file protein00.cif (mmCIF, C-alpha atoms, pLDDT in the B column; chains and numbers go by the auth columns)
data_input
loop_
_atom_site.group_PDB
_atom_site.id
_atom_site.type_symbol
_atom_site.label_atom_id
_atom_site.label_comp_id
_atom_site.label_asym_id
_atom_site.label_seq_id
_atom_site.Cartn_x
_atom_site.Cartn_y
_atom_site.Cartn_z
_atom_site.B_iso_or_equiv
_atom_site.auth_seq_id
_atom_site.auth_asym_id
ATOM 1 C CA MET A 1 102.215 141.465 102.409 45.00 1 O
ATOM 2 C CA SER A 2 98.452 140.916 102.646 48.00 2 O
ATOM 3 C CA ALA A 3 96.760 137.668 101.781 48.00 3 O
ATOM 4 C CA SER A 4 95.390 139.170 98.569 55.00 4 O
ATOM 5 C CA HIS A 5 98.909 139.898 97.312 71.00 5 O
ATOM 6 C CA SER A 6 100.796 136.884 98.691 85.00 6 O
ATOM 7 C CA PRO A 7 102.125 134.749 95.790 93.00 7 O
ATOM 8 C CA LEU A 8 100.866 131.169 95.875 95.00 8 O
ATOM 9 C CA ALA A 9 103.882 129.406 94.350 95.00 9 O
ATOM 10 C CA PRO A 10 106.294 129.775 97.332 95.00 10 O
ATOM 11 C CA HIS A 11 103.633 128.378 99.669 96.00 11 O
ATOM 12 C CA ILE A 12 103.072 125.335 97.453 96.00 12 O
ATOM 13 C CA GLN A 13 106.816 124.705 97.165 96.00 13 O
ATOM 14 C CA ALA A 14 107.305 124.945 100.931 96.00 14 O
ATOM 15 C CA PHE A 15 104.248 122.768 101.533 97.00 15 O
ATOM 16 C CA PHE A 16 105.697 119.891 99.534 96.00 16 O
ATOM 17 C CA THR A 17 109.413 120.219 100.267 94.00 17 O
ATOM 18 C CA ASP A 18 109.320 121.306 103.914 93.00 18 O
ATOM 19 C CA HIS A 19 105.958 120.369 105.404 94.00 19 O
ATOM 20 C CA LEU A 20 105.151 117.072 103.706 94.00 20 O
ATOM 21 C CA CYS A 21 108.619 115.698 102.943 92.00 21 O
ATOM 22 C CA ARG A 22 110.789 117.020 105.753 90.00 22 O
ATOM 23 C CA HIS A 23 108.446 117.577 108.695 90.00 23 O
ATOM 24 C CA LYS A 24 105.690 115.001 108.187 90.00 24 O
ATOM 25 C CA ARG A 25 107.743 112.493 106.173 88.00 25 O
ATOM 26 C CA ALA A 26 104.652 111.793 104.099 89.00 26 O
ATOM 27 C CA SER A 27 104.474 108.542 102.159 84.00 27 O
ATOM 28 C CA PRO A 28 104.890 108.500 98.353 86.00 28 O
ATOM 29 C CA GLN A 29 101.162 107.753 98.084 85.00 29 O
ATOM 30 C CA THR A 30 100.264 110.862 100.120 90.00 30 O
ATOM 31 C CA LEU A 31 102.626 113.012 98.077 93.00 31 O
ATOM 32 C CA ALA A 32 101.155 111.699 94.830 92.00 32 O
ATOM 33 C CA SER A 33 97.594 112.343 96.032 93.00 33 O
ATOM 34 C CA CYS A 34 98.407 115.937 97.048 96.00 34 O
ATOM 35 C CA ARG A 35 100.277 116.520 93.789 97.00 35 O
ATOM 36 C CA ASP A 36 97.292 115.323 91.769 97.00 36 O
ATOM 37 C CA SER A 37 94.930 117.518 93.808 97.00 37 O
ATOM 38 C CA PHE A 38 96.958 120.614 93.006 97.00 38 O
ATOM 39 C CA ARG A 39 97.417 119.639 89.371 97.00 39 O
ATOM 40 C CA LEU A 40 93.656 119.376 88.966 97.00 40 O
ATOM 41 C CA LEU A 41 92.983 122.586 90.895 98.00 41 O
ATOM 42 C CA LEU A 42 95.550 124.710 89.063 97.00 42 O
ATOM 43 C CA THR A 43 94.347 123.408 85.709 97.00 43 O
ATOM 44 C CA PHE A 44 90.754 124.229 86.659 98.00 44 O
ATOM 45 C CA VAL A 45 91.650 127.773 87.770 97.00 45 O
ATOM 46 C CA LYS A 46 93.624 128.423 84.575 97.00 46 O
ATOM 47 C CA GLU A 47 90.761 127.178 82.396 97.00 47 O
ATOM 48 C CA THR A 48 88.113 129.207 84.237 96.00 48 O
ATOM 49 C CA THR A 49 90.028 132.425 84.939 96.00 49 O
ATOM 50 C CA GLY A 50 92.930 132.439 82.495 96.00 50 O
ATOM 51 C CA ILE A 51 95.428 132.995 85.315 95.00 51 O
ATOM 52 C CA GLU A 52 98.649 131.017 84.912 96.00 52 O
ATOM 53 C CA PRO A 53 99.648 128.944 87.970 95.00 53 O
ATOM 54 C CA SER A 54 102.861 130.978 88.366 94.00 54 O
ATOM 55 C CA ALA A 55 100.828 134.193 88.646 95.00 55 O
ATOM 56 C CA LEU A 56 98.294 132.980 91.206 96.00 56 O
ATOM 57 C CA ARG A 57 97.910 134.682 94.585 95.00 57 O
ATOM 58 C CA VAL A 58 96.670 133.013 97.745 95.00 58 O
ATOM 59 C CA ALA A 59 93.418 134.961 97.541 93.00 59 O
ATOM 60 C CA ASP A 60 92.729 133.511 94.073 95.00 60 O
ATOM 61 C CA LEU A 61 91.958 130.206 95.812 95.00 61 O
ATOM 62 C CA ASP A 62 89.189 131.520 98.016 95.00 62 O
ATOM 63 C CA ALA A 63 86.243 129.457 99.243 96.00 63 O
ATOM 64 C CA PRO A 64 83.954 130.164 96.218 96.00 64 O
ATOM 65 C CA THR A 65 86.721 129.091 93.840 97.00 65 O
ATOM 66 C CA LEU A 66 87.333 125.873 95.744 97.00 66 O
ATOM 67 C CA LEU A 67 83.606 125.131 95.919 97.00 67 O
ATOM 68 C CA ALA A 68 83.406 125.591 92.137 97.00 68 O
ATOM 69 C CA PHE A 69 86.393 123.256 91.758 98.00 69 O
ATOM 70 C CA LEU A 70 84.782 120.580 93.928 97.00 70 O
ATOM 71 C CA TYR A 71 81.544 120.902 91.949 97.00 71 O
ATOM 72 C CA HIS A 72 83.585 120.514 88.746 97.00 72 O
ATOM 73 C CA LEU A 73 85.171 117.312 90.050 97.00 73 O
ATOM 74 C CA GLU A 74 81.785 115.713 90.647 96.00 74 O
ATOM 75 C CA GLN A 75 79.791 117.070 87.721 96.00 75 O
ATOM 76 C CA GLN A 76 82.312 117.432 84.884 95.00 76 O
ATOM 77 C CA ARG A 77 84.929 114.840 85.791 95.00 77 O
ATOM 78 C CA GLY A 78 82.455 112.373 87.273 95.00 78 O
ATOM 79 C CA ASN A 79 84.491 111.843 90.438 95.00 79 O
ATOM 80 C CA SER A 80 82.900 110.075 93.381 94.00 80 O
ATOM 81 C CA ILE A 81 82.091 111.815 96.659 94.00 81 O
ATOM 82 C CA ARG A 82 85.002 109.959 98.220 93.00 82 O
ATOM 83 C CA SER A 83 87.425 111.361 95.612 95.00 83 O
ATOM 84 C CA ARG A 84 85.966 114.826 96.112 96.00 84 O
ATOM 85 C CA ASN A 85 86.529 114.578 99.871 96.00 85 O
ATOM 86 C CA ILE A 86 90.119 113.378 99.394 96.00 86 O
ATOM 87 C CA ARG A 87 90.893 116.445 97.238 97.00 87 O
ATOM 88 C CA LEU A 88 89.260 118.707 99.823 97.00 88 O
ATOM 89 C CA SER A 89 91.270 117.111 102.627 96.00 89 O
ATOM 90 C CA ALA A 90 94.545 117.799 100.778 96.00 90 O
ATOM 91 C CA LEU A 91 93.557 121.436 100.241 97.00 91 O
ATOM 92 C CA ARG A 92 92.561 121.865 103.885 97.00 92 O
ATOM 93 C CA THR A 93 95.971 120.586 104.964 97.00 93 O
ATOM 94 C CA PHE A 94 97.635 123.056 102.625 97.00 94 O
ATOM 95 C CA PHE A 95 95.627 126.045 103.847 97.00 95 O
ATOM 96 C CA ARG A 96 96.311 125.229 107.494 96.00 96 O
ATOM 97 C CA PHE A 97 99.987 125.387 106.532 96.00 97 O
ATOM 98 C CA VAL A 98 99.455 128.707 104.716 95.00 98 O
ATOM 99 C CA ALA A 99 97.812 130.223 107.813 94.00 99 O
ATOM 100 C CA LEU A 100 100.983 129.504 109.808 93.00 100 O
ATOM 101 C CA ARG A 101 103.228 131.072 107.164 92.00 101 O
ATOM 102 C CA ASP A 102 100.961 134.021 106.373 91.00 102 O
ATOM 103 C CA PRO A 103 98.894 135.065 109.421 90.00 103 O
ATOM 104 C CA GLU A 104 97.135 137.786 107.410 91.00 104 O
ATOM 105 C CA SER A 105 95.419 135.044 105.388 92.00 105 O
ATOM 106 C CA VAL A 106 93.757 133.501 108.461 93.00 106 O
ATOM 107 C CA ALA A 107 90.316 134.970 107.698 93.00 107 O
ATOM 108 C CA MET A 108 90.328 133.546 104.180 93.00 108 O
ATOM 109 C CA VAL A 109 91.737 130.221 105.374 94.00 109 O
ATOM 110 C CA THR A 110 88.974 129.989 107.990 95.00 110 O
ATOM 111 C CA ARG A 111 86.364 130.255 105.233 95.00 111 O
ATOM 112 C CA VAL A 112 88.137 127.549 103.230 96.00 112 O
ATOM 113 C CA LEU A 113 88.324 125.230 106.240 96.00 113 O
ATOM 114 C CA ALA A 114 84.603 125.703 106.767 96.00 114 O
ATOM 115 C CA ILE A 115 83.857 123.914 103.476 96.00 115 O
ATOM 116 C CA PRO A 116 82.229 120.660 104.633 95.00 116 O
ATOM 117 C CA SER A 117 82.996 117.164 103.477 95.00 117 O
ATOM 118 C CA LYS A 118 80.097 115.423 101.815 93.00 118 O
ATOM 119 C CA ARG A 119 78.522 112.365 103.335 90.00 119 O
ATOM 120 C CA GLU A 120 78.624 109.292 101.169 82.00 120 O
ATOM 121 C CA ASP A 121 76.684 106.073 101.219 76.00 121 O
ATOM 122 C CA LYS A 122 78.784 103.236 102.549 77.00 122 O
ATOM 123 C CA LYS A 123 78.703 100.252 100.259 74.00 123 O
ATOM 124 C CA LEU A 124 78.685 96.734 101.600 73.00 124 O
ATOM 125 C CA VAL A 125 82.033 95.069 101.140 74.00 125 O
ATOM 126 C CA GLY A 126 81.699 92.258 98.641 82.00 126 O
ATOM 127 C CA TYR A 127 83.657 89.044 98.786 84.00 127 O
ATOM 128 C CA LEU A 128 84.439 85.943 96.777 89.00 128 O
ATOM 129 C CA THR A 129 83.552 82.466 97.917 91.00 129 O
ATOM 130 C CA ARG A 130 86.316 79.936 98.531 91.00 130 O
ATOM 131 C CA PRO A 131 85.650 78.121 95.202 93.00 131 O
ATOM 132 C CA GLU A 132 85.798 81.494 93.416 94.00 132 O
ATOM 133 C CA ILE A 133 89.104 82.349 95.108 94.00 133 O
ATOM 134 C CA ASP A 134 90.538 78.932 94.207 93.00 134 O
ATOM 135 C CA ALA A 135 89.465 79.424 90.584 95.00 135 O
ATOM 136 C CA LEU A 136 91.057 82.886 90.483 94.00 136 O
ATOM 137 C CA ILE A 137 94.378 81.670 91.891 95.00 137 O
ATOM 138 C CA ALA A 138 94.411 78.712 89.501 94.00 138 O
ATOM 139 C CA ALA A 139 93.614 80.879 86.455 96.00 139 O
ATOM 140 C CA PRO A 140 97.205 81.804 85.429 95.00 140 O
ATOM 141 C CA ASP A 141 98.859 79.381 83.002 96.00 141 O
ATOM 142 C CA GLN A 142 101.603 77.905 85.169 94.00 142 O
ATOM 143 C CA SER A 143 103.374 76.403 82.177 95.00 143 O
ATOM 144 C CA SER A 144 104.671 79.914 81.394 95.00 144 O
ATOM 145 C CA TRP A 145 107.032 82.145 83.376 95.00 145 O
ATOM 146 C CA MET A 146 104.491 84.962 83.632 95.00 146 O
ATOM 147 C CA GLY A 147 101.779 82.534 84.676 95.00 147 O
ATOM 148 C CA ARG A 148 103.881 81.169 87.531 95.00 148 O
ATOM 149 C CA ARG A 149 104.670 84.722 88.588 94.00 149 O
ATOM 150 C CA ASP A 150 100.993 85.716 88.602 95.00 150 O
ATOM 151 C CA HIS A 151 100.046 82.555 90.480 95.00 151 O
ATOM 152 C CA ALA A 152 102.644 83.316 93.177 94.00 152 O
ATOM 153 C CA LEU A 153 101.459 86.924 93.445 93.00 153 O
ATOM 154 C CA LEU A 154 97.779 86.027 93.726 94.00 154 O
ATOM 155 C CA LEU A 155 98.387 83.300 96.303 95.00 155 O
ATOM 156 C CA THR A 156 100.618 85.566 98.397 95.00 156 O
ATOM 157 C CA MET A 157 98.072 88.398 98.283 94.00 157 O
ATOM 158 C CA TYR A 158 95.279 86.059 99.332 94.00 158 O
ATOM 159 C CA ASN A 159 97.358 84.549 102.138 95.00 159 O
ATOM 160 C CA SER A 160 98.651 87.862 103.502 93.00 160 O
ATOM 161 C CA GLY A 161 95.897 90.357 102.706 91.00 161 O
ATOM 162 C CA ALA A 162 98.618 92.636 101.320 90.00 162 O
ATOM 163 C CA ARG A 163 97.715 95.808 99.461 87.00 163 O
ATOM 164 C CA VAL A 164 98.640 96.029 95.795 86.00 164 O
ATOM 165 C CA SER A 165 101.321 98.632 96.594 83.00 165 O
ATOM 166 C CA GLU A 166 102.806 96.317 99.240 87.00 166 O
ATOM 167 C CA ILE A 167 102.934 93.301 96.972 87.00 167 O
ATOM 168 C CA THR A 168 104.388 95.139 93.971 85.00 168 O
ATOM 169 C CA SER A 169 107.239 96.532 96.100 85.00 169 O
ATOM 170 C CA LEU A 170 107.882 93.226 97.876 87.00 170 O
ATOM 171 C CA GLN A 171 111.558 92.214 98.169 90.00 171 O
ATOM 172 C CA ARG A 172 112.882 88.683 98.603 91.00 172 O
ATOM 173 C CA ALA A 173 114.422 89.682 101.958 92.00 173 O
ATOM 174 C CA GLN A 174 110.919 90.286 103.318 93.00 174 O
ATOM 175 C CA VAL A 175 110.126 86.567 103.115 94.00 175 O
ATOM 176 C CA THR A 176 111.688 84.401 105.837 94.00 176 O
ATOM 177 C CA PHE A 177 111.717 80.619 105.464 94.00 177 O
ATOM 178 C CA GLY A 178 112.182 78.367 108.467 90.00 178 O
ATOM 179 C CA ALA A 179 110.190 76.425 111.018 88.00 179 O
ATOM 180 C CA THR A 180 107.614 79.155 110.457 90.00 180 O
ATOM 181 C CA THR A 181 107.579 80.964 107.155 93.00 181 O
ATOM 182 C CA PHE A 182 106.424 84.557 107.364 93.00 182 O
ATOM 183 C CA LEU A 183 106.181 87.723 105.331 93.00 183 O
ATOM 184 C CA GLU A 184 107.162 91.190 106.553 93.00 184 O
ATOM 185 C CA LEU A 185 104.986 93.937 105.083 90.00 185 O
ATOM 186 C CA HIS A 186 105.560 97.678 105.252 81.00 186 O
ATOM 187 C CA GLY A 187 102.220 99.322 104.668 72.00 187 O
ATOM 188 C CA LYS A 188 100.367 102.597 104.715 68.00 188 O
ATOM 189 C CA GLY A 189 101.551 105.055 107.318 63.00 189 O
ATOM 190 C CA ARG A 190 104.871 103.151 107.634 68.00 190 O
ATOM 191 C CA LYS A 191 103.143 100.462 109.649 76.00 191 O
ATOM 192 C CA ALA A 192 104.951 97.118 109.612 83.00 192 O
ATOM 193 C CA ARG A 193 103.341 93.748 110.213 89.00 193 O
ATOM 194 C CA THR A 194 104.386 90.112 110.042 92.00 194 O
ATOM 195 C CA ILE A 195 102.126 87.568 108.326 93.00 195 O
ATOM 196 C CA PRO A 196 102.604 83.769 108.673 95.00 196 O
ATOM 197 C CA LEU A 197 102.462 81.970 105.330 95.00 197 O
ATOM 198 C CA TRP A 198 100.685 78.715 104.598 95.00 198 O
ATOM 199 C CA PRO A 199 102.761 75.698 103.533 94.00 199 O
ATOM 200 C CA GLN A 200 101.269 75.992 100.044 94.00 200 O
ATOM 201 C CA THR A 201 102.339 79.631 99.768 95.00 201 O
ATOM 202 C CA ARG A 202 105.788 78.786 101.139 95.00 202 O
ATOM 203 C CA ASP A 203 106.327 76.062 98.532 95.00 203 O
ATOM 204 C CA VAL A 204 105.132 78.253 95.660 95.00 204 O
ATOM 205 C CA LEU A 205 107.404 81.131 96.710 95.00 205 O
ATOM 206 C CA LYS A 206 110.404 78.821 97.115 94.00 206 O
ATOM 207 C CA ARG A 207 109.926 77.540 93.560 94.00 207 O
ATOM 208 C CA TRP A 208 109.421 81.058 92.249 93.00 208 O
ATOM 209 C CA PHE A 209 112.542 82.430 93.938 93.00 209 O
ATOM 210 C CA ARG A 210 114.599 79.725 92.219 92.00 210 O
ATOM 211 C CA GLU A 211 113.431 81.120 88.884 90.00 211 O
ATOM 212 C CA VAL A 212 114.200 84.788 89.477 82.00 212 O
#

call {"tool": "encode", "arguments": {"input": "protein00.cif", "output": "structure tokens"}}
result
Amino acid sequence: MSASHSPLAPHIQAFFTDHLCRHKRASPQTLASCRDSFRLLLTFVKETTGIEPSALRVADLDAPTLLAFLYHLEQQRGNSIRSRNIRLSALRTFFRFVALRDPESVAMVTRVLAIPSKREDKKLVGYLTRPEIDALIAAPDQSSWMGRRDHALLLTMYNSGARVSEITSLQRAQVTFGATTFLELHGKGRKARTIPLWPQTRDVLKRWFREV
């Protein structure tokens, strides 16, 4: 079956179930990002061509269509260049996978892979001063249960440099109290790291764990 007649749906299903989940063991964040990229793309194609996602062929997602989609992301949706490049990266990964499954699509895939990423201006990383950090951590009302929770979360994030996703999925077993108190974090790309905790953080977490 030629690339122009190859149904798209089986490729997308295999991409998520076999390639990303089984072979690459992609993180939930990567899966969610790829899912959102395809949701946006398929919605765009349906709105501009009238073709239902279930009826799409591989050739319907040629380079001009993807360029129009990327333009739509920036101009109509107001996405940043960084977001645009993330969507393009997900689609490139998919089309490399398609080329392996459907060699007759290689010429079309080559044109898709030739779509360049856009350069973006790198912004200077801002930061808070120590008095500003202290004020932020002290802001929650510690006379309430939620305030004590927020205070513990903010202090732990500041101490450890944990990502939001790491701190929201944190389990009690990841905190070890002893001569040295430390926090075990499991981050992006399944990378694990151990962070020593300050005495202040240790005391706050001990009090919080007694409440939950």

call {"tool": "atom_distance", "arguments": {"input": "protein00.cif", "atom1": "atom CA of O:Lys191", "atom2": "atom CA of O:Thr168"}}
result
16.6 Å

call {"tool": "atom_distance", "arguments": {"input": "protein00.cif", "atom1": "atom CA of O:Leu42", "atom2": "atom CA of O:Asp121"}}
result
29.2 Å

call {"tool": "residues_around", "arguments": {"input": "protein00.cif", "residues": "stretch 106-109 of chain O", "least_positions_apart": "2", "cutoff": "12 Å", "atoms": "only C-alpha atoms", "output": "VMD selection string"}}
result
chain O and resid 2 to 4 58 to 66 91 to 104 111 to 115

call {"tool": "closest_residue", "arguments": {"input": "protein00.cif", "among": "O:Arg210, O:His5, O:Arg163, O:Lys122", "to": "O:His186", "atoms": "all atoms listed in the file"}}
result
O:Arg163

call {"tool": "resolve_selection", "arguments": {"input": "protein00.cif", "expression": "the PyMOL selection byres ((chain O and resi 54) around 12)", "output": "count of residues only"}}
result
20

call {"tool": "atom_distance", "arguments": {"input": "protein00.cif", "atom1": "atom CA of O:Ser89", "atom2": "atom CA of O:Ser33"}}
result
10.3 Å

call {"tool": "closest_residue", "arguments": {"input": "protein00.cif", "among": "O:Asn85, O:Leu154, O:Arg130, O:Phe16", "to": "O:Pro28", "atoms": "only C-alpha atoms"}}
result
O:Phe16

call {"tool": "closest_residue", "arguments": {"input": "protein00.cif", "among": "O:Trp208, O:Phe177, O:Phe182, O:Tyr127", "to": "O:Gln142", "atoms": "only C-alpha atoms"}}
result
O:Trp208

call {"tool": "residues_around", "arguments": {"input": "protein00.cif", "residues": "O:Ala138", "least_positions_apart": "3", "cutoff": "7 Å", "atoms": "all atoms listed in the file", "output": "PDB file with C-alpha atoms, in the frame of the given file"}}
result
ATOM      1  CA  ASP O 134      90.538  78.932  94.207  1.00 93.00           C
ATOM      2  CA  ALA O 135      89.465  79.424  90.584  1.00 95.00           C
ATOM      3  CA  HIS O 151     100.046  82.555  90.480  1.00 95.00           C
TER       4      HIS O 151
END

call {"tool": "residues_around", "arguments": {"input": "protein00.cif", "residues": "stretch 68-83 of chain O", "least_positions_apart": "5", "cutoff": "9 Å", "atoms": "all atoms listed in the file", "output": "count of residues only"}}
result
10

call {"tool": "resolve_selection", "arguments": {"input": "protein00.cif", "expression": "the PyMOL selection byres ((chain O and resi 180) around 12)", "output": "list in words"}}
result
Val175, Thr176, Phe177, Gly178, Ala179, Thr181, Phe182, Leu183, Thr194, Ile195, Pro196, Leu197, Trp198, Pro199, Thr201 and Arg202 of chain O

call {"tool": "closest_residue", "arguments": {"input": "protein00.cif", "among": "O:Thr48, O:Gln171, O:Gly147, O:Gly187", "to": "O:Gln29", "atoms": "only C-alpha atoms"}}
result
O:Gly187
